[in-house]
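J.: Quick one: the structure is below, questions incoming.
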Amino acid sequence: MRSLFSVTLLLLLALTLAVEANKRAKHHKAGGKPDKSRPASECTAAETRYGKCVPDNGDCGDGLREATCKDRTDKIHCKIPCNWKKDISDCKYKFGAWSSCDAGTNTKSRSGTLKRALFNADCQSTVKVSKPCSHKPKKTRGEKKSN
């Protein structure tokens, strides 16, 4: 009876250790990157100053930004969408429709008004963005490709 109690106690201890190890493995991110869910510090959002998002590779994608409060600076994860303008990435705008194509510059443009600023960013109240006109005319639904 005593040996059964000892074996049961040992199995319970092993199970507890396995659960704790699994919890630690889930919270530890591979590659040495900081945990995304952990707050930068105990400061409020108003007290924290955020730097620009700096992509890991190229000029878009996953990256890091500095979050500074009092005497503490942490790196937090951020992302710049690859189809977006880097200088207004922390500002959210409501955009109107694209203008018709300007034949002189071969671009079309649209303007947007500020909806909100993320990470205490300094944002312009209105912005204008442009892109090259598409070379192919858009097809309507049901239109077939001609050979």
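Chain labels run A, B, ... following the order of the structure tokens; each chain numbers its residues from 1, and ligands are numbered from 1 in the order shown.
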Might you pull out every residue within 10 Å of Arg110 (chain A), with only C-alpha atoms counted and same-chain residues fewer than 6 positions away left off, and present them as a VMD selection string?
T.: chain A and resid 95 to 100 127 to 131
J.: Could you pull the residues within 7 Å of Thr48 (chain A), counting only C-alpha atoms, minus those fewer than 6 positions along the same chain, as a PyMOL selection string?
T.: chain A and resi 67-69
J.: Compare A:Val19, A:Ala45, A:Cys91, A:Cys82 by their minimum atom-to-atom distance to Asp122 (chain A), counting only C-alpha atoms, and give me the closest one.
T.: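 Closest to Asp122 (chain A) of all the choices is A:Cys91.
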J.: Determine the nearest neighbour of Asp71 (chain A) from the options A:Cys43, A:Cys53, A:Ile88, A:Leu11, counting only C-alpha atoms.
T.: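 Going through A:Cys43, A:Cys53, A:Ile88, A:Leu11 one by one, the smallest distance to Asp71 (chain A) is for A:Cys43.
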J.: With only C-alpha atoms as the basis for distance, which of A:Arg116, A:Pro81, A:Gly51, A:Ser134 is at the shortest distance from Cys101 (chain A)?
T.: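 Among the listed residues, A:Ser134 lies closest to Cys101 (chain A).
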J.: Can you tell me how far CA of Ser89 (chain A) sits from CA of Ala117 (chain A), in Å to one decimal?
T.: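 CA of Ala117 (chain A) lies 9.5 Å from CA of Ser89 (chain A).
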J.: I'd like to know which of A:Cys133, A:Cys123, A:Ile80, A:Ala18 is closest to Ala103 (chain A), using only C-alpha atoms.
T.: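 For Ala103 (chain A), the nearest of the given residues is A:Cys133.
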J.: What is the distance between CA of Arg49 (chain A) and CA of Ala121 (chain A), in Å to one decimal?
T.: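 A separation of 9.0 Å between them.
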